[in-house]
Amino acid sequence: MLILLPTFAWAQFEEWFEPASLRVDYTLTGNDKTTAFALKELIKEPFWSGSKTNLIDNLEFGNYIVKVYEPGTDHLLFSKGYQNLYGEWQTTEEATKVTKTFDESVIVPFPKKQVEVVLYRKDWEGRLIEGMRLTVKPDDYFIRTADNLGLPVYDAWIGNKDITKAVDIVILPEGYTQAEMGKFVKDCDFFVQSLFSYAPYDRYRTSFNVRGVMAPSQESGCTEPGDHIYRNTVMRFSYWTFDSERYCMSTDNRDIRDLAGQVPYDQIYILINSKKYGGGGIYNFYCSSAAGNSYSSDIFIHEFGHGFAGLADEYYDDSTSYGDFYNNDIEPWEPNITTLVDFDAKWKDMMDKKTPIPTPRVKKYDHIIGVFEGGGYEAEGIYSPHTDCLMKTFNGHEFCPVCQRAIERMILYYSE
Ligand SMILES: [Zn+2]
């Protein structure tokens, strides 16, 4: 079976898909109580950089999942979990008062035959709710072919030329003018150097490709509404997202995706040309961070922990703008936090049997794997694996063993 299974999956890819991507652009509209999906456009992009063997995402991390089926059956051909900015916004105070629309995209392999693409979201109890079902015919002439924007590409690191066996990261420059493209190239190099200086990434250099798409902005820097600073930049990132000063994100999904699609990509990373501390990272959505800050290395890799491996923040005393972020009656999907509802599915196997569950935050249990109350922004009811981790502070400059294992599993998912 070990030999047959990948061969079967590869044959499944060849039967149903071609090595290109179908990008589904859609909107989510709602407030803290409602969510409606609406289709905008289907786009064909030139590369398929995901795995050709791991077509089904058994982890199902994220509160949203896209699934591709053989028409009229439950024969699953492809699936992938993700998270989005809309879902975070729904937990803010603002969402109790107004209704908003957010743009986003999902990417699936481009079908050779008619398929059904279904988008699901998870409700508060973690159940899958169907949001949108599309019948996609590959010869539909309304599927737009993505534009080649003719932008120069900087190959910052090519570890594996086979894009279906590597984690392909695209780096996009926000707030770098044409004259600052040399600085962007240096910042891409610094990103690669940072990535490979943290375990477990340092052991998997040949499983990564990193490419920068050199798209200039009209103005240098980044918008900071809280300080009345507004800049004309290529993807319209902004500090003070959800009125949180350090949270620097953009709702300009289409421009981000058009730029990313110029090269093969599994993960999008936006470097912000600013010295101001900040950034953000959302699982299988995108990550961002300021490139010119003294904490840059740690921020780069912390945010990539969210975006790539679905890691949760392990801190709980910070003043984030989120309301009730986790339902403590179910097990959260993030691999590095637990409510103890289903701890067997988490890192129990990594703990010494003599370590108590939960583990008291006392000196005796420093630097060992435990299950310590506090994590995921909450001081009670959510537990995290270690007294320190890069997902908690920038003191130790390393991931805890539980986060390292989660990252390693994700690297293998893309590179096998
Ligand atoms: Zn950790």
# chains A, B, ... in the order shown; residues from 1 in each chain; ligands from 1
call {"tool": "residues_around", "arguments": {"residues": "stretch 355-372 of chain A", "least_positions_apart": "5", "cutoff": "7 Å", "atoms": "only C-alpha atoms", "output": "ChimeraX atom specification"}}
result
/A:383-387
call {"tool": "write_last_selection", "arguments": {"atoms": "C-alpha atoms", "output": "PDB file, in the first residue's frame"}}
result
ATOM      1  CA  TYR A 383      -3.725  25.166  26.922  1.00  0.00           C
ATOM      2  CA  SER A 384      -0.350  25.455  25.164  1.00  0.00           C
ATOM      3  CA  PRO A 385       2.608  23.048  24.996  1.00  0.00           C
ATOM      4  CA  HIS A 386       5.557  24.960  26.402  1.00  0.00           C
ATOM      5  CA  THR A 387       6.519  27.803  28.722  1.00  0.00           C
TER       6      THR A 387
END
call {"tool": "select_by_dssp", "arguments": {"residues": "stretch 106-282 of chain A", "states": "helix (DSSP H, G or I)", "output": "number ranges by chain"}}
result
A: 163-165, 178-195, 201-203, 205-207, 225-227, 241-243, 253-260
call {"tool": "write_last_selection", "arguments": {"atoms": "C-alpha atoms", "output": "CSV table (one decimal), in the first residue's frame"}}
result
chain,number,residue,atom,x,y,z
A,163,ILE,CA,7.4,22.8,-8.0
A,164,THR,CA,5.0,19.9,-7.1
A,165,LYS,CA,7.5,18.6,-4.6
A,178,GLN,CA,10.9,51.3,-8.5
A,179,ALA,CA,14.0,52.9,-7.1
A,180,GLU,CA,13.8,50.7,-4.0
A,181,MET,CA,13.7,47.3,-5.9
A,182,GLY,CA,17.3,46.7,-4.9
A,183,LYS,CA,16.3,47.0,-1.3
A,184,PHE,CA,13.5,44.5,-1.9
A,185,VAL,CA,15.9,42.0,-3.3
A,186,LYS,CA,18.1,42.4,-0.2
A,187,ASP,CA,15.0,41.9,2.0
A,188,CYS,CA,14.1,38.7,0.1
A,189,ASP,CA,17.6,37.4,0.8
A,190,PHE,CA,17.2,38.3,4.4
A,191,PHE,CA,13.8,36.4,4.5
A,192,VAL,CA,15.5,33.3,3.1
A,193,GLN,CA,18.4,33.6,5.6
A,194,SER,CA,15.9,34.1,8.4
A,195,LEU,CA,13.8,31.1,7.4
A,201,TYR,CA,13.3,24.8,8.3
A,202,ASP,CA,17.1,24.5,8.5
A,203,ARG,CA,16.8,20.8,7.8
A,205,ARG,CA,16.3,23.7,2.5
A,206,THR,CA,15.8,21.5,-0.5
A,207,SER,CA,12.0,21.5,0.1
A,225,PRO,CA,-4.4,55.5,9.6
A,226,GLY,CA,-4.0,55.8,13.4
A,227,ASP,CA,-1.3,58.4,12.6
A,241,THR,CA,-6.3,46.7,10.7
A,242,PHE,CA,-9.3,46.1,13.0
A,243,ASP,CA,-8.1,49.1,14.9
A,253,ASN,CA,-7.3,40.4,-2.5
A,254,ARG,CA,-7.4,40.6,-6.3
A,255,ASP,CA,-4.2,42.7,-6.7
A,256,ILE,CA,-2.4,40.3,-4.2
A,257,ARG,CA,-3.5,37.2,-6.1
A,258,ASP,CA,-2.8,38.7,-9.6
A,259,LEU,CA,0.8,39.5,-8.5
A,260,ALA,CA,1.3,36.1,-6.7
call {"tool": "closest_residue", "arguments": {"among": "A:Tyr230, A:Tyr154, A:Tyr176, A:Phe8", "to": "A:Ala291", "atoms": "only C-alpha atoms"}}
result
A:Tyr176
call {"tool": "closest_atom_pairs", "arguments": {"of": "chain A", "to": "ligand 1", "cutoff": "7 Å", "atoms": "only C-alpha atoms and all ligand atoms", "output": "tab-separated table"}}
result
residue	atom	partner	partner_atom_place_in_ligand_line	distance
A:Glu314	CA	ligand 1	1 (Zn)	6.7
A:Asn336	CA	ligand 1	1 (Zn)	5.9
A:Pro385	CA	ligand 1	1 (Zn)	6.3
A:His386	CA	ligand 1	1 (Zn)	6.5
A:Cys389	CA	ligand 1	1 (Zn)	4.7
A:Leu390	CA	ligand 1	1 (Zn)	6.4
A:Met391	CA	ligand 1	1 (Zn)	5.4
A:Phe399	CA	ligand 1	1 (Zn)	5.3
A:Cys400	CA	ligand 1	1 (Zn)	4.2
A:Pro401	CA	ligand 1	1 (Zn)	6.7
A:Val402	CA	ligand 1	1 (Zn)	5.7
A:Cys403	CA	ligand 1	1 (Zn)	4.3
call {"tool": "write_last_selection", "arguments": {"atoms": "N, CA and C atoms", "output": "PDB file, in the first residue's frame"}}
result
ATOM      1  N   GLU A 314       0.462  31.432  21.031  1.00  0.00           N
ATOM      2  CA  GLU A 314       0.442  30.776  22.346  1.00  0.00           C
ATOM      3  C   GLU A 314       0.350  31.797  23.471  1.00  0.00           C
ATOM      4  N   ASN A 336      -1.138  23.468  17.958  1.00  0.00           N
ATOM      5  CA  ASN A 336      -0.330  23.795  19.143  1.00  0.00           C
ATOM      6  C   ASN A 336      -1.135  24.388  20.293  1.00  0.00           C
ATOM      7  N   PRO A 385       1.682  24.153  24.708  1.00  0.00           N
ATOM      8  CA  PRO A 385       2.608  23.048  24.996  1.00  0.00           C
ATOM      9  C   PRO A 385       3.891  23.379  25.744  1.00  0.00           C
ATOM     10  N   HIS A 386       4.225  24.652  25.886  1.00  0.00           N
ATOM     11  CA  HIS A 386       5.557  24.960  26.402  1.00  0.00           C
ATOM     12  C   HIS A 386       5.516  26.288  27.137  1.00  0.00           C
ATOM     13  N   CYS A 389       7.927  29.800  23.332  1.00  0.00           N
ATOM     14  CA  CYS A 389       7.894  29.351  21.942  1.00  0.00           C
ATOM     15  C   CYS A 389       7.882  30.612  21.081  1.00  0.00           C
ATOM     16  N   LEU A 390       8.331  30.498  19.846  1.00  0.00           N
ATOM     17  CA  LEU A 390       8.268  31.651  18.935  1.00  0.00           C
ATOM     18  C   LEU A 390       6.821  32.082  18.671  1.00  0.00           C
ATOM     19  N   MET A 391       5.854  31.180  18.925  1.00  0.00           N
ATOM     20  CA  MET A 391       4.446  31.566  18.770  1.00  0.00           C
ATOM     21  C   MET A 391       3.927  32.285  20.026  1.00  0.00           C
ATOM     22  N   PHE A 399      11.015  27.671  17.941  1.00  0.00           N
ATOM     23  CA  PHE A 399       9.701  27.061  18.126  1.00  0.00           C
ATOM     24  C   PHE A 399       9.805  25.966  19.180  1.00  0.00           C
ATOM     25  N   CYS A 400       8.719  25.745  19.934  1.00  0.00           N
ATOM     26  CA  CYS A 400       8.676  24.626  20.868  1.00  0.00           C
ATOM     27  C   CYS A 400       8.606  23.330  20.050  1.00  0.00           C
ATOM     28  N   PRO A 401       8.909  22.167  20.656  1.00  0.00           N
ATOM     29  CA  PRO A 401       8.926  20.907  19.894  1.00  0.00           C
ATOM     30  C   PRO A 401       7.592  20.579  19.223  1.00  0.00           C
ATOM     31  N   VAL A 402       6.479  20.983  19.827  1.00  0.00           N
ATOM     32  CA  VAL A 402       5.160  20.690  19.247  1.00  0.00           C
ATOM     33  C   VAL A 402       4.972  21.485  17.951  1.00  0.00           C
ATOM     34  N   CYS A 403       5.344  22.750  17.983  1.00  0.00           N
ATOM     35  CA  CYS A 403       5.252  23.569  16.760  1.00  0.00           C
ATOM     36  C   CYS A 403       6.217  23.051  15.698  1.00  0.00           C
TER      37      CYS A 403
END
call {"tool": "select_by_dssp", "arguments": {"residues": "stretch 277-375 of chain A", "states": "strand (DSSP E or B)", "output": "list of chain:residue names"}}
result
A:Gly279, A:Gly280, A:Gly281, A:Ile282, A:Tyr286, A:Cys287, A:Ser288, A:Ser289, A:Ala290, A:Thr338, A:Phe372, A:Glu373, A:Gly374, A:Gly375
call {"tool": "residues_around", "arguments": {"residues": "A:Pro46", "least_positions_apart": "2", "cutoff": "7 Å", "atoms": "only C-alpha atoms", "output": "PDB file with N, CA and C atoms, in the first residue's frame"}}
result
ATOM      1  N   ALA A  20      -2.128  23.246 -14.027  1.00  0.00           N
ATOM      2  CA  ALA A  20      -2.453  24.680 -14.005  1.00  0.00           C
ATOM      3  C   ALA A  20      -3.416  24.860 -12.834  1.00  0.00           C
ATOM      4  N   SER A  21      -3.780  26.097 -12.519  1.00  0.00           N
ATOM      5  CA  SER A  21      -4.665  26.326 -11.366  1.00  0.00           C
ATOM      6  C   SER A  21      -5.974  26.975 -11.789  1.00  0.00           C
ATOM      7  N   LYS A  44      -8.027  31.135 -14.870  1.00  0.00           N
ATOM      8  CA  LYS A  44      -7.041  30.066 -15.064  1.00  0.00           C
ATOM      9  C   LYS A  44      -5.647  30.653 -14.917  1.00  0.00           C
TER      10      LYS A  44
END
call {"tool": "closest_atom_pairs", "arguments": {"of": "stretch 94-202 of chain A", "to": "stretch 9-19 of chain A", "cutoff": "12 Å", "atoms": "only C-alpha atoms", "output": "JSON lines"}}
result
{"residue": "A:Val108", "atom": "CA", "partner": "A:Phe17", "partner_atom": "CA", "distance": 9.4}
{"residue": "A:Pro109", "atom": "CA", "partner": "A:Phe17", "partner_atom": "CA", "distance": 6.0}
{"residue": "A:Phe110", "atom": "CA", "partner": "A:Phe17", "partner_atom": "CA", "distance": 5.5}
{"residue": "A:Pro111", "atom": "CA", "partner": "A:Phe17", "partner_atom": "CA", "distance": 4.4}
{"residue": "A:Lys112", "atom": "CA", "partner": "A:Phe17", "partner_atom": "CA", "distance": 5.0}
{"residue": "A:Lys113", "atom": "CA", "partner": "A:Trp16", "partner_atom": "CA", "distance": 6.3}
{"residue": "A:Gln114", "atom": "CA", "partner": "A:Trp16", "partner_atom": "CA", "distance": 8.9}
{"residue": "A:Val115", "atom": "CA", "partner": "A:Trp16", "partner_atom": "CA", "distance": 8.7}
{"residue": "A:Glu116", "atom": "CA", "partner": "A:Trp16", "partner_atom": "CA", "distance": 11.9}
{"residue": "A:Lys137", "atom": "CA", "partner": "A:Trp16", "partner_atom": "CA", "distance": 11.9}
{"residue": "A:Pro138", "atom": "CA", "partner": "A:Phe17", "partner_atom": "CA", "distance": 9.8}
{"residue": "A:Asp162", "atom": "CA", "partner": "A:Pro19", "partner_atom": "CA", "distance": 12.0}
{"residue": "A:Ile163", "atom": "CA", "partner": "A:Pro19", "partner_atom": "CA", "distance": 10.4}
{"residue": "A:Thr164", "atom": "CA", "partner": "A:Pro19", "partner_atom": "CA", "distance": 9.3}
call {"tool": "write_last_selection", "arguments": {"atoms": "N, CA and C atoms", "output": "PDB file, in the first residue's frame"}}
result
ATOM      1  N   VAL A 108      -7.497  25.707  -6.786  1.00  0.00           N
ATOM      2  CA  VAL A 108      -7.556  24.238  -6.907  1.00  0.00           C
ATOM      3  C   VAL A 108      -6.885  23.870  -8.227  1.00  0.00           C
ATOM      4  N   PRO A 109      -6.458  22.602  -8.390  1.00  0.00           N
ATOM      5  CA  PRO A 109      -5.871  22.245  -9.682  1.00  0.00           C
ATOM      6  C   PRO A 109      -6.901  22.395 -10.805  1.00  0.00           C
ATOM      7  N   PHE A 110      -6.444  22.793 -11.985  1.00  0.00           N
ATOM      8  CA  PHE A 110      -7.380  23.075 -13.081  1.00  0.00           C
ATOM      9  C   PHE A 110      -7.939  21.758 -13.629  1.00  0.00           C
ATOM     10  N   PRO A 111      -9.291  21.619 -13.668  1.00  0.00           N
ATOM     11  CA  PRO A 111      -9.871  20.332 -14.074  1.00  0.00           C
ATOM     12  C   PRO A 111      -9.757  20.068 -15.579  1.00  0.00           C
ATOM     13  N   LYS A 112      -9.624  18.778 -15.917  1.00  0.00           N
ATOM     14  CA  LYS A 112      -9.660  18.355 -17.319  1.00  0.00           C
ATOM     15  C   LYS A 112     -11.085  18.077 -17.769  1.00  0.00           C
ATOM     16  N   LYS A 113     -11.944  17.670 -16.776  1.00  0.00           N
ATOM     17  CA  LYS A 113     -13.338  17.349 -17.074  1.00  0.00           C
ATOM     18  C   LYS A 113     -14.225  18.165 -16.134  1.00  0.00           C
ATOM     19  N   GLN A 114     -15.518  18.075 -16.366  1.00  0.00           N
ATOM     20  CA  GLN A 114     -16.451  18.795 -15.495  1.00  0.00           C
ATOM     21  C   GLN A 114     -16.321  18.321 -14.048  1.00  0.00           C
ATOM     22  N   VAL A 115     -16.267  19.265 -13.116  1.00  0.00           N
ATOM     23  CA  VAL A 115     -16.187  18.928 -11.685  1.00  0.00           C
ATOM     24  C   VAL A 115     -17.127  19.843 -10.900  1.00  0.00           C
ATOM     25  N   GLU A 116     -17.328  19.489  -9.638  1.00  0.00           N
ATOM     26  CA  GLU A 116     -18.050  20.378  -8.730  1.00  0.00           C
ATOM     27  C   GLU A 116     -17.084  20.908  -7.684  1.00  0.00           C
ATOM     28  N   LYS A 137     -16.912  23.704 -15.869  1.00  0.00           N
ATOM     29  CA  LYS A 137     -16.563  23.010 -17.106  1.00  0.00           C
ATOM     30  C   LYS A 137     -15.264  23.620 -17.622  1.00  0.00           C
ATOM     31  N   PRO A 138     -14.254  22.795 -17.857  1.00  0.00           N
ATOM     32  CA  PRO A 138     -12.950  23.358 -18.217  1.00  0.00           C
ATOM     33  C   PRO A 138     -12.949  24.165 -19.513  1.00  0.00           C
ATOM     34  N   ASP A 162      11.363  20.926  -9.094  1.00  0.00           N
ATOM     35  CA  ASP A 162      10.030  20.342  -9.266  1.00  0.00           C
ATOM     36  C   ASP A 162       9.066  21.053  -8.309  1.00  0.00           C
ATOM     37  N   ILE A 163       8.250  21.965  -8.866  1.00  0.00           N
ATOM     38  CA  ILE A 163       7.384  22.791  -8.010  1.00  0.00           C
ATOM     39  C   ILE A 163       6.307  21.984  -7.293  1.00  0.00           C
ATOM     40  N   THR A 164       6.011  20.756  -7.780  1.00  0.00           N
ATOM     41  CA  THR A 164       4.986  19.947  -7.108  1.00  0.00           C
ATOM     42  C   THR A 164       5.579  19.171  -5.926  1.00  0.00           C
TER      43      THR A 164
END
call {"tool": "residues_around", "arguments": {"residues": "A:Ile229", "least_positions_apart": "2", "cutoff": "12 Å", "atoms": "only C-alpha atoms", "output": "short mmCIF file (atom, residue, chain, number, x, y, z; two decimals) with N, CA and C atoms, in the first residue's frame"}}
result
data_model
loop_
_atom_site.label_atom_id
_atom_site.label_comp_id
_atom_site.auth_asym_id
_atom_site.auth_seq_id
_atom_site.Cartn_x
_atom_site.Cartn_y
_atom_site.Cartn_z
N GLU A 219 4.26 55.00 -4.08
CA GLU A 219 4.87 55.70 -2.94
C GLU A 219 5.55 54.69 -2.02
N SER A 220 6.55 55.16 -1.30
CA SER A 220 7.31 54.34 -0.38
C SER A 220 6.61 54.26 0.98
N GLY A 221 6.71 53.11 1.66
CA GLY A 221 6.17 52.99 3.02
C GLY A 221 4.81 52.33 3.04
N CYS A 222 4.05 52.59 4.09
CA CYS A 222 2.77 51.90 4.27
C CYS A 222 1.78 52.82 4.98
N THR A 223 0.52 52.62 4.69
CA THR A 223 -0.55 53.40 5.32
C THR A 223 -0.65 53.11 6.82
N GLU A 224 -0.77 54.20 7.61
CA GLU A 224 -0.92 54.09 9.07
C GLU A 224 -2.05 55.02 9.50
N PRO A 225 -3.31 54.57 9.33
CA PRO A 225 -4.45 55.47 9.57
C PRO A 225 -4.46 56.09 10.97
N GLY A 226 -4.03 55.33 11.98
CA GLY A 226 -4.04 55.84 13.35
C GLY A 226 -3.15 57.05 13.53
N ASP A 227 -2.17 57.22 12.61
CA ASP A 227 -1.28 58.39 12.65
C ASP A 227 -1.52 59.31 11.45
N ARG A 231 -0.60 56.11 2.16
CA ARG A 231 0.35 55.93 1.07
C ARG A 231 -0.31 55.19 -0.08
N ASN A 232 0.06 55.58 -1.29
CA ASN A 232 -0.43 54.91 -2.50
C ASN A 232 0.50 53.73 -2.81
N SER A 238 -2.33 48.09 5.32
CA SER A 238 -2.56 49.16 6.29
C SER A 238 -2.32 48.64 7.70
N TYR A 239 -1.52 49.38 8.46
CA TYR A 239 -1.46 49.14 9.91
C TYR A 239 -2.83 49.48 10.48
N TRP A 240 -3.05 49.17 11.72
CA TRP A 240 -4.31 49.46 12.42
C TRP A 240 -5.47 48.66 11.85
#
call {"tool": "atom_distance", "arguments": {"atom1": "atom CA of A:Tyr269", "atom2": "atom CA of A:Gly81"}}
result
18.1 Å
call {"tool": "atom_distance", "arguments": {"atom1": "atom CA of A:Gln404", "atom2": "atom CA of A:Leu55"}}
result
23.3 Å
call {"tool": "closest_residue", "arguments": {"among": "A:Tyr315, A:Phe61, A:Trp157, A:Tyr414", "to": "A:Gly376", "atoms": "only C-alpha atoms"}}
result
A:Tyr315
